[in-house]
file query-v9.txt (compact mmCIF, C-alpha atoms)
# COMPACT_ATOMS: atom_id res chain seq x y z
CA MET A 1 61.66 53.72 108.74
CA HIS A 2 61.94 57.22 107.30
CA ARG A 3 58.39 57.92 108.39
CA THR A 4 59.14 57.03 112.01
CA ARG A 5 62.11 59.35 112.08
CA VAL A 6 60.12 62.26 110.67
CA ARG A 7 57.45 61.70 113.29
CA VAL A 8 60.04 61.87 116.07
CA ALA A 9 61.37 65.16 114.71
CA GLU A 10 57.86 66.62 114.73
CA GLU A 11 57.33 65.57 118.32
CA ALA A 12 60.52 67.33 119.31
CA LEU A 13 59.36 70.54 117.64
CA ASP A 14 55.98 70.27 119.32
CA ALA A 15 57.57 69.82 122.73
CA ASN A 16 59.30 73.19 122.39
CA THR A 17 56.08 74.87 121.27
CA THR A 18 54.09 73.28 124.09
CA ILE A 19 56.59 74.37 126.72
CA ALA A 20 56.87 77.87 125.20
CA GLN A 21 53.09 78.16 125.57
CA ALA A 22 53.32 77.07 129.21
CA ASN A 23 56.00 79.72 129.80
CA ARG A 24 53.76 82.25 128.06
CA ALA A 25 50.83 81.40 130.33
CA ASP A 26 53.04 81.96 133.39
CA PHE A 27 54.26 85.30 132.03
CA ASP A 28 50.65 86.40 131.34
CA ARG A 29 49.47 85.34 134.78
CA GLU A 30 52.10 87.62 136.35
CA SER A 31 51.75 90.38 133.69
CA VAL A 32 55.40 90.08 132.69
CA ALA A 33 56.52 91.19 129.22
CA VAL A 34 59.40 89.12 127.82
CA VAL A 35 62.16 89.95 125.35
CA ASN A 36 64.44 87.32 123.82
CA LEU A 37 67.70 89.23 123.21
CA MET A 38 70.18 87.60 120.84
CA SER A 39 73.47 88.36 119.08
CA ALA A 40 76.84 86.99 118.01
CA PRO A 41 79.42 86.64 120.81
CA GLY A 42 80.75 90.02 121.91
CA ALA A 43 78.22 92.22 120.08
CA GLY A 44 77.47 94.05 123.33
CA LYS A 45 74.20 92.69 124.76
CA THR A 46 75.41 92.90 128.35
CA SER A 47 77.07 96.31 127.89
CA LEU A 48 73.83 97.66 126.41
CA LEU A 49 71.81 96.33 129.33
CA GLU A 50 74.31 97.91 131.73
CA ALA A 51 73.82 101.23 129.90
CA VAL A 52 70.02 100.85 130.03
CA PHE A 53 70.02 100.04 133.76
CA ARG A 54 72.35 103.00 134.37
CA GLU A 55 69.73 105.28 132.74
CA GLY A 56 66.95 103.55 134.65
CA MET A 57 63.66 102.15 133.35
CA GLY A 58 61.16 104.37 135.21
CA ASP A 59 58.23 102.40 136.61
CA THR A 60 59.19 99.23 134.78
CA ARG A 61 60.80 96.66 137.07
CA PRO A 62 63.21 94.61 134.92
CA GLY A 63 64.69 91.18 135.52
CA VAL A 64 67.30 89.30 133.48
CA LEU A 65 67.64 85.62 132.65
CA GLU A 66 71.24 85.21 131.59
CA GLY A 67 72.03 82.36 129.19
CA ASP A 68 75.63 81.18 128.86
CA VAL A 69 77.37 77.93 128.08
CA GLN A 70 79.47 78.35 131.22
CA GLY A 71 80.13 80.82 134.00
CA SER A 72 78.28 83.85 135.31
CA LEU A 73 80.44 86.79 134.13
CA ASP A 74 77.55 88.70 132.55
CA ALA A 75 75.15 87.98 135.41
CA ASP A 76 77.73 89.29 137.87
CA ARG A 77 78.09 92.50 135.83
CA LEU A 78 74.32 93.10 135.75
CA ALA A 79 73.79 92.26 139.42
CA HIS A 80 75.66 95.50 140.27
CA PHE A 81 72.55 97.39 139.14
CA HIS A 82 70.32 95.76 141.77
CA VAL A 83 68.32 94.10 139.02
CA PRO A 84 67.31 90.49 139.76
CA VAL A 85 69.48 88.28 137.55
CA THR A 86 69.15 84.51 137.13
CA GLN A 87 72.00 82.54 135.57
CA LEU A 88 71.13 79.68 133.22
CA ASN A 89 74.13 77.62 132.07
CA THR A 90 73.64 75.29 129.12
CA ASP A 91 76.57 73.03 129.97
CA GLY A 92 75.08 71.53 133.11
CA GLY A 93 72.05 69.39 132.43
CA PHE A 94 71.81 70.55 128.84
CA GLY A 95 75.07 69.30 127.30
CA GLY A 96 76.72 72.59 126.27
CA GLU A 97 73.88 73.75 124.04
CA CYS A 98 74.54 76.75 121.77
CA HIS A 99 71.09 78.30 122.40
CA LEU A 100 68.25 78.53 124.89
CA ASP A 101 65.04 76.63 124.25
CA ALA A 102 61.67 76.78 125.98
CA ASN A 103 62.48 73.93 128.35
CA MET A 104 65.72 75.48 129.58
CA VAL A 105 63.89 78.75 130.24
CA ARG A 106 61.11 76.85 132.03
CA THR A 107 63.66 75.10 134.23
CA ALA A 108 64.94 78.50 135.39
CA LEU A 109 61.55 80.19 135.92
CA PRO A 110 61.13 79.20 139.59
CA GLU A 111 64.29 81.22 140.34
CA VAL A 112 63.27 84.30 138.35
CA GLY A 113 60.61 85.73 140.66
CA LEU A 114 58.03 86.73 138.06
CA ASP A 115 55.85 88.42 140.69
CA GLU A 116 58.60 91.00 141.36
CA ILE A 117 59.21 92.17 137.79
CA ASP A 118 57.33 93.68 134.82
CA LEU A 119 59.85 92.89 132.09
CA LEU A 120 62.01 89.79 131.71
CA ILE A 121 64.99 90.21 129.41
CA ILE A 122 66.34 86.83 128.32
CA GLU A 123 69.95 87.25 127.22
CA ASN A 124 70.47 84.27 124.95
CA VAL A 125 73.75 82.44 124.24
CA GLY A 126 75.94 84.41 121.81
CA ASN A 127 75.21 82.73 118.47
CA LEU A 128 73.62 83.91 115.21
CA VAL A 129 72.23 80.52 114.14
CA CYS A 130 70.29 78.27 116.54
CA PRO A 131 68.83 80.76 119.08
CA ALA A 132 66.62 82.10 116.26
CA GLU A 133 65.00 78.67 115.86
CA PHE A 134 63.51 78.29 119.34
CA ARG A 135 60.57 80.24 120.73
CA VAL A 136 60.72 80.44 124.51
CA GLY A 137 57.39 82.20 125.16
CA GLU A 138 58.63 85.74 124.51
CA ASP A 139 56.60 88.77 123.39
CA ALA A 140 59.36 90.01 121.12
CA LYS A 141 62.71 88.97 119.73
CA ALA A 142 65.48 91.56 119.40
CA MET A 143 69.08 91.26 118.31
CA VAL A 144 72.28 93.25 118.65
CA CYS A 145 74.60 93.53 115.67
CA SER A 146 78.01 95.15 116.16
CA VAL A 147 79.40 97.27 113.32
CA ALA A 148 82.73 95.50 113.92
CA GLU A 149 81.16 92.32 112.49
CA GLY A 150 80.82 93.63 108.94
CA GLU A 151 77.84 94.62 106.78
CA ASP A 152 77.18 91.15 105.36
CA LYS A 153 75.78 89.42 108.45
CA PRO A 154 72.04 89.77 107.53
CA LEU A 155 72.79 87.89 104.30
CA LYS A 156 74.83 85.16 106.02
CA TYR A 157 72.48 84.64 108.99
CA PRO A 158 69.10 85.59 107.50
CA LEU A 159 66.88 83.63 109.88
CA MET A 160 68.24 85.53 112.89
CA PHE A 161 67.67 88.92 111.27
CA ARG A 162 64.27 87.86 109.91
CA THR A 163 62.94 86.57 113.20
CA CYS A 164 63.69 89.78 115.15
CA GLU A 165 61.45 92.82 115.14
CA LEU A 166 64.28 95.05 116.37
CA VAL A 167 67.91 95.15 115.24
CA VAL A 168 70.17 97.19 117.52
CA VAL A 169 73.23 98.30 115.55
CA ASN A 170 75.83 98.71 118.30
CA LYS A 171 79.38 100.07 118.65
CA ILE A 172 78.69 102.96 116.26
CA ASP A 173 81.45 104.89 118.05
CA LEU A 174 83.83 102.65 116.06
CA LEU A 175 82.47 103.74 112.66
CA PRO A 176 85.21 106.36 112.03
CA HIS A 177 87.82 103.62 112.53
CA LEU A 178 86.29 100.94 110.29
CA ASP A 179 85.88 100.45 106.56
CA TYR A 180 82.18 100.00 107.09
CA ASP A 181 79.22 100.85 104.88
CA LEU A 182 76.32 101.51 107.26
CA ASP A 183 73.91 102.06 104.35
CA ALA A 184 74.82 98.61 103.02
CA LEU A 185 74.03 97.06 106.41
CA LEU A 186 70.65 98.81 106.53
CA ALA A 187 69.88 97.67 102.98
CA ASN A 188 70.88 94.09 103.87
CA ILE A 189 68.60 94.14 106.94
CA GLU A 190 65.76 95.52 104.82
CA SER A 191 66.30 92.82 102.20
CA VAL A 192 65.82 89.94 104.66
CA ASN A 193 63.35 91.63 107.03
CA PRO A 194 61.48 94.50 105.35
CA GLY A 195 60.22 97.04 107.88
CA ALA A 196 62.36 95.78 110.76
CA GLU A 197 62.98 98.47 113.36
CA VAL A 198 66.62 99.57 113.66
CA ILE A 199 68.16 101.51 116.54
CA GLN A 200 71.79 102.65 116.36
CA THR A 201 73.65 102.63 119.67
CA SER A 202 76.99 102.89 121.36
CA ALA A 203 76.95 101.25 124.78
CA ARG A 204 80.32 102.93 125.30
CA THR A 205 79.29 106.57 124.67
CA GLY A 206 75.61 106.11 125.56
CA GLU A 207 74.42 107.24 122.13
CA GLY A 208 71.05 105.73 121.24
CA VAL A 209 70.68 103.91 124.56
CA THR A 210 67.54 105.89 125.47
CA GLY A 211 65.87 104.68 122.28
CA PHE A 212 66.65 101.07 123.15
CA ARG A 213 65.47 101.63 126.73
CA ASP A 214 62.18 103.08 125.47
CA TRP A 215 61.72 100.14 123.10
CA LEU A 216 62.23 97.70 125.98
CA VAL A 217 59.81 99.59 128.24
CA GLY A 218 57.21 99.53 125.45
CA VAL A 219 57.32 95.77 124.75
CA GLY A 220 54.50 94.93 127.14
CA GLU A 221 52.22 97.71 125.92
CA ARG A 222 52.77 96.79 122.27
CA ALA A 223 52.06 93.12 123.02
CA ARG A 224 48.79 94.02 124.75
CA ALA A 225 47.80 96.27 121.84
CA VAL A 226 48.21 93.36 119.42
CA ALA A 227 46.38 90.85 121.65
CA MET B 228 64.57 52.70 127.52
CA HIS B 229 67.25 55.05 128.75
CA ARG B 230 69.88 52.54 127.75
CA THR B 231 68.69 52.48 124.17
CA ARG B 232 68.82 56.26 123.94
CA VAL B 233 72.35 56.40 125.30
CA ARG B 234 73.45 53.81 122.82
CA VAL B 235 72.04 55.84 119.95
CA ALA B 236 73.94 58.91 121.13
CA GLU B 237 77.19 56.93 121.20
CA GLU B 238 76.59 55.65 117.69
CA ALA B 239 76.11 59.21 116.49
CA LEU B 240 79.41 60.29 118.03
CA ASP B 241 81.13 57.29 116.53
CA ALA B 242 79.78 58.10 113.10
CA ASN B 243 81.51 61.48 113.17
CA THR B 244 84.78 59.92 114.31
CA THR B 245 84.58 57.22 111.67
CA ILE B 246 83.92 59.68 108.89
CA ALA B 247 86.62 62.06 110.17
CA GLN B 248 89.07 59.15 109.92
CA ALA B 249 87.94 58.45 106.35
CA ASN B 250 88.50 62.12 105.50
CA ARG B 251 91.93 61.92 107.16
CA ALA B 252 92.85 58.90 105.04
CA ASP B 253 91.92 60.80 101.87
CA PHE B 254 93.94 63.83 102.97
CA ASP B 255 96.97 61.63 103.72
CA ARG B 256 96.69 59.81 100.38
CA GLU B 257 96.96 63.16 98.58
CA SER B 258 99.47 64.66 101.09
CA VAL B 259 97.13 67.51 101.95
CA ALA B 260 97.47 69.29 105.29
CA VAL B 261 94.16 70.49 106.71
CA VAL B 262 93.27 73.39 109.02
CA ASN B 263 89.86 73.80 110.65
CA LEU B 264 89.52 77.59 111.02
CA MET B 265 86.82 78.81 113.39
CA SER B 266 85.56 82.04 115.00
CA ALA B 267 82.50 84.02 116.02
CA PRO B 268 80.62 85.71 113.16
CA GLY B 269 82.52 88.69 111.83
CA ALA B 270 85.85 88.06 113.58
CA GLY B 271 87.64 88.30 110.24
CA LYS B 272 88.44 84.77 109.04
CA THR B 273 87.78 85.64 105.40
CA SER B 274 89.57 89.00 105.58
CA LEU B 275 92.62 87.28 107.07
CA LEU B 276 92.63 84.66 104.31
CA GLU B 277 92.37 87.45 101.73
CA ALA B 278 95.40 89.11 103.36
CA VAL B 279 97.32 85.82 103.37
CA PHE B 280 96.55 85.10 99.71
CA ARG B 281 97.55 88.67 98.84
CA GLU B 282 100.97 88.01 100.39
CA GLY B 283 101.15 84.61 98.69
CA MET B 284 102.00 81.22 100.19
CA GLY B 285 105.20 80.37 98.31
CA ASP B 286 105.29 76.76 97.12
CA THR B 287 102.22 75.80 99.14
CA ARG B 288 99.11 75.43 96.98
CA PRO B 289 96.12 76.34 99.15
CA GLY B 290 92.46 75.48 98.73
CA VAL B 291 89.47 76.62 100.78
CA LEU B 292 86.32 74.81 101.85
CA GLU B 293 83.91 77.54 102.81
CA GLY B 294 81.21 76.68 105.34
CA ASP B 295 78.17 78.93 105.63
CA VAL B 296 74.54 78.48 106.57
CA GLN B 297 73.53 80.22 103.35
CA GLY B 298 75.05 82.01 100.38
CA SER B 299 78.56 82.22 98.95
CA LEU B 300 79.68 85.74 99.86
CA ASP B 301 82.98 84.64 101.40
CA ALA B 302 83.73 82.08 98.69
CA ASP B 303 83.19 84.77 96.06
CA ARG B 304 85.64 87.06 97.86
CA LEU B 305 88.34 84.39 98.04
CA ALA B 306 87.86 83.21 94.45
CA HIS B 307 89.35 86.55 93.33
CA PHE B 308 92.74 85.23 94.42
CA HIS B 309 92.64 82.29 92.00
CA VAL B 310 92.56 79.89 94.92
CA PRO B 311 90.23 76.91 94.44
CA VAL B 312 87.24 77.52 96.72
CA THR B 313 84.40 75.07 97.38
CA GLN B 314 81.19 76.34 98.98
CA LEU B 315 79.44 74.12 101.52
CA ASN B 316 76.06 75.41 102.72
CA THR B 317 74.55 73.85 105.83
CA ASP B 318 70.97 74.85 105.04
CA GLY B 319 70.54 72.58 102.03
CA GLY B 320 70.61 68.91 102.95
CA PHE B 321 71.81 69.64 106.47
CA GLY B 322 68.93 71.64 107.98
CA GLY B 323 70.64 74.96 108.73
CA GLU B 324 73.34 73.51 110.97
CA CYS B 325 75.45 75.92 113.02
CA HIS B 326 78.71 74.00 112.41
CA LEU B 327 80.47 71.67 110.02
CA ASP B 328 80.85 67.99 110.89
CA ALA B 329 82.90 65.25 109.29
CA ASN B 330 80.06 64.08 107.06
CA MET B 331 79.37 67.54 105.63
CA VAL B 332 83.06 67.92 104.83
CA ARG B 333 83.11 64.45 103.27
CA THR B 334 80.13 65.34 101.09
CA ALA B 335 82.08 68.27 99.69
CA LEU B 336 85.41 66.49 99.16
CA PRO B 337 84.75 65.33 95.57
CA GLU B 338 84.50 69.02 94.58
CA VAL B 339 87.65 70.12 96.41
CA GLY B 340 90.28 68.63 94.10
CA LEU B 341 92.70 67.32 96.72
CA ASP B 342 95.26 66.38 94.07
CA GLU B 343 95.70 70.05 93.12
CA ILE B 344 96.40 71.47 96.59
CA ASP B 345 98.82 71.04 99.52
CA LEU B 346 96.80 72.79 102.21
CA LEU B 347 93.04 72.75 102.70
CA ILE B 348 91.70 75.56 104.87
CA ILE B 349 88.21 74.75 106.13
CA GLU B 350 86.47 77.98 107.07
CA ASN B 351 83.83 76.81 109.52
CA VAL B 352 80.43 78.43 110.21
CA GLY B 353 80.81 81.53 112.43
CA ASN B 354 80.00 80.18 115.91
CA LEU B 355 82.00 79.80 119.13
CA VAL B 356 80.11 76.77 120.45
CA CYS B 357 79.35 73.72 118.28
CA PRO B 358 82.13 73.83 115.64
CA ALA B 359 84.61 73.00 118.43
CA GLU B 360 82.80 69.72 119.13
CA PHE B 361 83.25 68.07 115.73
CA ARG B 362 86.52 66.74 114.33
CA VAL B 363 86.47 66.72 110.55
CA GLY B 364 89.82 65.00 109.90
CA GLU B 365 91.99 68.12 110.30
CA ASP B 366 95.67 68.34 111.27
CA ALA B 367 95.11 71.45 113.34
CA LYS B 368 92.35 73.64 114.67
CA ALA B 369 92.82 77.41 114.74
CA MET B 370 90.50 80.21 115.71
CA VAL B 371 90.22 83.94 115.14
CA CYS B 372 89.18 86.19 118.01
CA SER B 373 88.47 89.86 117.30
CA VAL B 374 89.47 92.40 119.94
CA ALA B 375 86.06 94.03 119.35
CA GLU B 376 84.46 90.99 121.02
CA GLY B 377 85.84 91.71 124.51
CA GLU B 378 88.46 90.03 126.70
CA ASP B 379 86.09 87.56 128.36
CA LYS B 380 85.43 85.21 125.44
CA PRO B 381 87.91 82.45 126.46
CA LEU B 382 86.06 82.16 129.79
CA LYS B 383 82.62 82.12 128.16
CA TYR B 384 83.45 79.71 125.33
CA PRO B 385 86.27 77.63 126.88
CA LEU B 386 85.90 74.53 124.70
CA MET B 387 86.55 76.55 121.53
CA PHE B 388 89.68 78.19 122.94
CA ARG B 389 90.86 74.90 124.49
CA THR B 390 90.48 72.86 121.33
CA CYS B 391 92.57 75.20 119.15
CA GLU B 392 96.35 75.17 119.04
CA LEU B 393 96.45 78.68 117.58
CA VAL B 394 94.43 81.75 118.56
CA VAL B 395 94.67 84.62 116.08
CA VAL B 396 93.83 87.88 117.85
CA ASN B 397 92.54 90.02 115.00
CA LYS B 398 91.56 93.69 114.44
CA ILE B 399 94.38 94.95 116.66
CA ASP B 400 94.26 98.21 114.65
CA LEU B 401 91.12 98.96 116.71
CA LEU B 402 92.90 98.73 120.08
CA PRO B 403 93.43 102.52 120.44
CA HIS B 404 89.67 102.99 120.03
CA LEU B 405 88.48 100.34 122.50
CA ASP B 406 88.45 99.97 126.28
CA TYR B 407 90.24 96.68 125.89
CA ASP B 408 92.73 94.93 128.14
CA LEU B 409 94.89 92.80 125.83
CA ASP B 410 96.85 91.37 128.77
CA ALA B 411 93.57 90.18 130.30
CA LEU B 412 92.68 88.40 127.04
CA LEU B 413 96.07 86.69 126.91
CA ALA B 414 95.72 85.64 130.57
CA ASN B 415 92.23 84.29 129.87
CA ILE B 416 93.49 82.28 126.88
CA GLU B 417 96.36 80.93 129.00
CA SER B 418 93.95 79.95 131.78
CA VAL B 419 91.80 77.73 129.53
CA ASN B 420 94.55 76.56 127.13
CA PRO B 421 98.02 76.84 128.69
CA GLY B 422 100.72 77.15 126.05
CA ALA B 423 98.36 77.94 123.18
CA GLU B 424 100.07 79.84 120.39
CA VAL B 425 98.80 83.40 119.90
CA ILE B 426 99.37 85.59 116.85
CA GLN B 427 98.17 89.20 116.83
CA THR B 428 96.95 90.47 113.48
CA SER B 429 95.15 93.22 111.64
CA ALA B 430 93.74 92.01 108.35
CA ARG B 431 93.11 95.68 107.59
CA THR B 432 96.67 97.01 108.02
CA GLY B 433 98.43 93.72 107.30
CA GLU B 434 100.16 93.63 110.67
CA GLY B 435 100.95 90.08 111.78
CA VAL B 436 99.59 88.50 108.60
CA THR B 437 103.00 87.06 107.67
CA GLY B 438 103.10 85.23 110.99
CA PHE B 439 99.70 83.68 110.34
CA ARG B 440 100.73 82.81 106.77
CA ASP B 441 103.88 81.08 108.05
CA TRP B 442 101.86 79.15 110.62
CA LEU B 443 99.48 77.94 107.89
CA VAL B 444 102.35 76.94 105.60
CA GLY B 445 103.94 74.99 108.48
CA VAL B 446 100.86 72.94 109.42
CA GLY B 447 101.75 69.99 107.18
CA GLU B 448 105.38 69.86 108.32
CA ARG B 449 104.43 70.02 112.00
CA ALA B 450 101.84 67.25 111.52
CA ARG B 451 104.45 65.00 109.85
CA ALA B 452 106.93 65.72 112.65
CA VAL B 453 104.41 64.52 115.24
CA ALA B 454 103.38 61.43 113.26
call {"tool": "encode", "arguments": {"input": "query-v9.txt", "output": "structure tokens"}}
result
Amino acid sequence: MHRTRVRVAEEALDANTTIAQANRADFDRESVAVVNLMSAPGAGKTSLLEAVFREGMGDTRPGVLEGDVQGSLDADRLAHFHVPVTQLNTDGGFGGECHLDANMVRTALPEVGLDEIDLLIIENVGNLVCPAEFRVGEDAKAMVCSVAEGEDKPLKYPLMFRTCELVVVNKIDLLPHLDYDLDALLANIESVNPGAEVIQTSARTGEGVTGFRDWLVGVGERARAVA
Amino acid sequence: MHRTRVRVAEEALDANTTIAQANRADFDRESVAVVNLMSAPGAGKTSLLEAVFREGMGDTRPGVLEGDVQGSLDADRLAHFHVPVTQLNTDGGFGGECHLDANMVRTALPEVGLDEIDLLIIENVGNLVCPAEFRVGEDAKAMVCSVAEGEDKPLKYPLMFRTCELVVVNKIDLLPHLDYDLDALLANIESVNPGAEVIQTSARTGEGVTGFRDWLVGVGERARAVA
């Protein structure tokens, strides 16, 4: 009895991996680099992307796959920048899921237009737990962490911080108004993910946005260098 | 085939309801009022409870059940106030769950000491999606929403805002430093949960904390009035 149940769980895991690999093959065929961008609700993923698109991405043609439980508020914001945006709601066929998985992303791919973009930014559902557990075929995982959330988050949600190669520390314009120990945050990130890249930004003032933009533009090149 | 799978899903739902009712019976037997307190990561649940315990709760003897994926940072903070705190980690036997359900709460109850408290505050895992879906036997659900998260959260996570009878709008000391439309937030809350109670607080300055404290103290009385 127990054995059967374990086997079912393994099949479910394999299904996600299999579908992530199929997504990956499609991305490779169209030479599209893919970033899985995650954060807690309200950390500023969409505001940062607005700031990046305002600066422009040079020769890189971006597209966004916008994951939300409901609605299209963020997609509507990003569409102003004439970037192709596809909305993926998890409450329709997916039962209000708190994360994107490979199959949800695959379901949306026909709408994305991979042949028209070089970089697909997947804005995941705002959540520091489950999105970190599902590969979707991405080249890189990145997360945004707002200084308003406190310094302890890497210790409370270690898998999320460990699984990302970049941590964007956002809303640094608020630092003078918070009792916040930035060094403690950096030490906490280092303790769960030694060597993780950290970029400090303010989507509001534009500080650090160029660094994040350059990181995004470089995802494809770095992936090819590793392969 | 499909029918079998649907039936299994219904049994799973029923299990949570059944166990929530068993929790409820235990709470009633010991005359303990119970609040399920939820929020996104870093909205300030623990800081607000610290502020409440600093003010004191009069004759009401509080206890806290602290839900986290990993670690006991928040429990350690609250234990300073000589309030009985029980840590419940979801990564042990529960596989890193992003929420508390009735069974997890039930597992922790023997440690809580219901006979020594009048009010049990269950601090749920920081997440605006799944915690709203699971009753745990509580009298009331409340949530904390930080103004640093943006005004759009009720529209993006409607189930969470709809399921709570109280929304605590926290970190209002930051309002002068944010491009934030408080009226828009209040309208968004009203649109998904008409008549929801809203209390504005700053755990940092203490503003509004007395109102939240009084609401917590009144949970048991309001529940008895309804019953």
call {"tool": "residues_around", "arguments": {"input": "query-v9.txt", "residues": "stretch 99-103 of chain A", "least_positions_apart": "4", "cutoff": "9 Å", "atoms": "all atoms listed in the file", "output": "PDB file with C-alpha atoms, in the frame of the given file"}}
result
ATOM      1  CA  ALA A  15      57.570  69.820 122.730  1.00  0.00           C
ATOM      2  CA  ASN A  16      59.300  73.190 122.390  1.00  0.00           C
ATOM      3  CA  THR A  17      56.080  74.870 121.270  1.00  0.00           C
ATOM      4  CA  THR A  18      54.090  73.280 124.090  1.00  0.00           C
ATOM      5  CA  ILE A  19      56.590  74.370 126.720  1.00  0.00           C
ATOM      6  CA  ALA A  20      56.870  77.870 125.200  1.00  0.00           C
ATOM      7  CA  GLN A  21      53.090  78.160 125.570  1.00  0.00           C
ATOM      8  CA  ALA A  22      53.320  77.070 129.210  1.00  0.00           C
ATOM      9  CA  ASN A  23      56.000  79.720 129.800  1.00  0.00           C
ATOM     10  CA  GLY A  67      72.030  82.360 129.190  1.00  0.00           C
ATOM     11  CA  ASP A  68      75.630  81.180 128.860  1.00  0.00           C
ATOM     12  CA  VAL A  69      77.370  77.930 128.080  1.00  0.00           C
ATOM     13  CA  LEU A  88      71.130  79.680 133.220  1.00  0.00           C
ATOM     14  CA  THR A  90      73.640  75.290 129.120  1.00  0.00           C
ATOM     15  CA  THR A 107      63.660  75.100 134.230  1.00  0.00           C
ATOM     16  CA  ALA A 108      64.940  78.500 135.390  1.00  0.00           C
ATOM     17  CA  ASN A 124      70.470  84.270 124.950  1.00  0.00           C
ATOM     18  CA  VAL A 125      73.750  82.440 124.240  1.00  0.00           C
ATOM     19  CA  GLY A 126      75.940  84.410 121.810  1.00  0.00           C
ATOM     20  CA  ASN A 127      75.210  82.730 118.470  1.00  0.00           C
ATOM     21  CA  VAL A 129      72.230  80.520 114.140  1.00  0.00           C
ATOM     22  CA  CYS A 130      70.290  78.270 116.540  1.00  0.00           C
ATOM     23  CA  PRO A 131      68.830  80.760 119.080  1.00  0.00           C
ATOM     24  CA  ALA A 132      66.620  82.100 116.260  1.00  0.00           C
ATOM     25  CA  GLU A 133      65.000  78.670 115.860  1.00  0.00           C
ATOM     26  CA  PHE A 134      63.510  78.290 119.340  1.00  0.00           C
ATOM     27  CA  ARG A 135      60.570  80.240 120.730  1.00  0.00           C
ATOM     28  CA  VAL A 136      60.720  80.440 124.510  1.00  0.00           C
ATOM     29  CA  GLY A 137      57.390  82.200 125.160  1.00  0.00           C
TER      30      GLY A 137
END
call {"tool": "interface_residues", "arguments": {"input": "query-v9.txt", "of": "chain A", "to": "chain B", "cutoff": "10 Å", "atoms": "only C-alpha atoms", "output": "number ranges by chain"}}
result
A: 39-44, 68-74, 96-99, 125-130, 133, 146-153, 155-159, 171, 173-174, 176-179, 204
call {"tool": "residues_around", "arguments": {"input": "query-v9.txt", "residues": "stretch 215-217 of chain A", "least_positions_apart": "2", "cutoff": "10 Å", "atoms": "all atoms listed in the file", "output": "list of chain:residue names"}}
result
A:Ala33, A:Val34, A:Val35, A:Val52, A:Met57, A:Gly58, A:Asp59, A:Thr60, A:Arg61, A:Pro62, A:Asp118, A:Leu119, A:Leu120, A:Ile121, A:Ala140, A:Ala142, A:Leu166, A:Glu197, A:Ile199, A:Val209, A:Thr210, A:Gly211, A:Phe212, A:Arg213, A:Val219, A:Gly220, A:Glu221, A:Arg222
call {"tool": "closest_residue", "arguments": {"input": "query-v9.txt", "among": "A:Ala187, A:Ala203, A:Val167, A:Leu109", "to": "A:Arg54", "atoms": "all atoms listed in the file"}}
result
A:Ala203
call {"tool": "residues_around", "arguments": {"input": "query-v9.txt", "residues": "B:Glu338", "least_positions_apart": "4", "cutoff": "12 Å", "atoms": "only C-alpha atoms", "output": "list of chain:residue names"}}
result
B:Gly290, B:Val291, B:Leu292, B:Glu293, B:Pro311, B:Val312, B:Thr313, B:Gln314, B:Leu315, B:Val332, B:Arg333, B:Thr334, B:Asp342, B:Glu343
call {"tool": "atom_distance", "arguments": {"input": "query-v9.txt", "atom1": "atom CA of A:Val192", "atom2": "atom CA of A:Val168"}}
result
15.4 Å
call {"tool": "residues_near_point", "arguments": {"input": "query-v9.txt", "point": "(64.9, 94.8, 107.4)", "cutoff": "10 Å", "atoms": "only C-alpha atoms", "output": "list in words"}}
result
Pro154, Phe161, Arg162, Cys164, Glu165, Leu166, Val167, Leu185, Leu186, Ala187, Asn188, Ile189, Glu190, Ser191, Val192, Asn193, Pro194, Gly195, Ala196, Glu197 and Val198 of chain A
call {"tool": "closest_residue", "arguments": {"input": "query-v9.txt", "among": "A:Ala79, A:Ala225, A:Leu37, A:Leu49", "to": "A:Ser202", "atoms": "all atoms listed in the file"}}
result
A:Leu49
call {"tool": "closest_residue", "arguments": {"input": "query-v9.txt", "among": "B:Asp241, B:Asp366, B:Glu257, B:Asp441", "to": "B:Val339", "atoms": "only C-alpha atoms"}}
result
B:Glu257
call {"tool": "closest_residue", "arguments": {"input": "query-v9.txt", "among": "B:Cys372, B:Met387, B:Leu341, B:Val259", "to": "B:Leu275", "atoms": "only C-alpha atoms"}}
result
B:Cys372
call {"tool": "closest_residue", "arguments": {"input": "query-v9.txt", "among": "B:Gly435, B:Arg304, B:Glu365, B:Gln427", "to": "B:Arg251", "atoms": "all atoms listed in the file"}}
result
B:Glu365
call {"tool": "atom_distance", "arguments": {"input": "query-v9.txt", "atom1": "atom CA of B:Gly283", "atom2": "atom CA of B:Lys368"}}
result
21.3 Å
call {"tool": "atom_distance", "arguments": {"input": "query-v9.txt", "atom1": "atom CA of A:Thr201", "atom2": "atom CA of A:Ile172"}}
result
6.1 Å
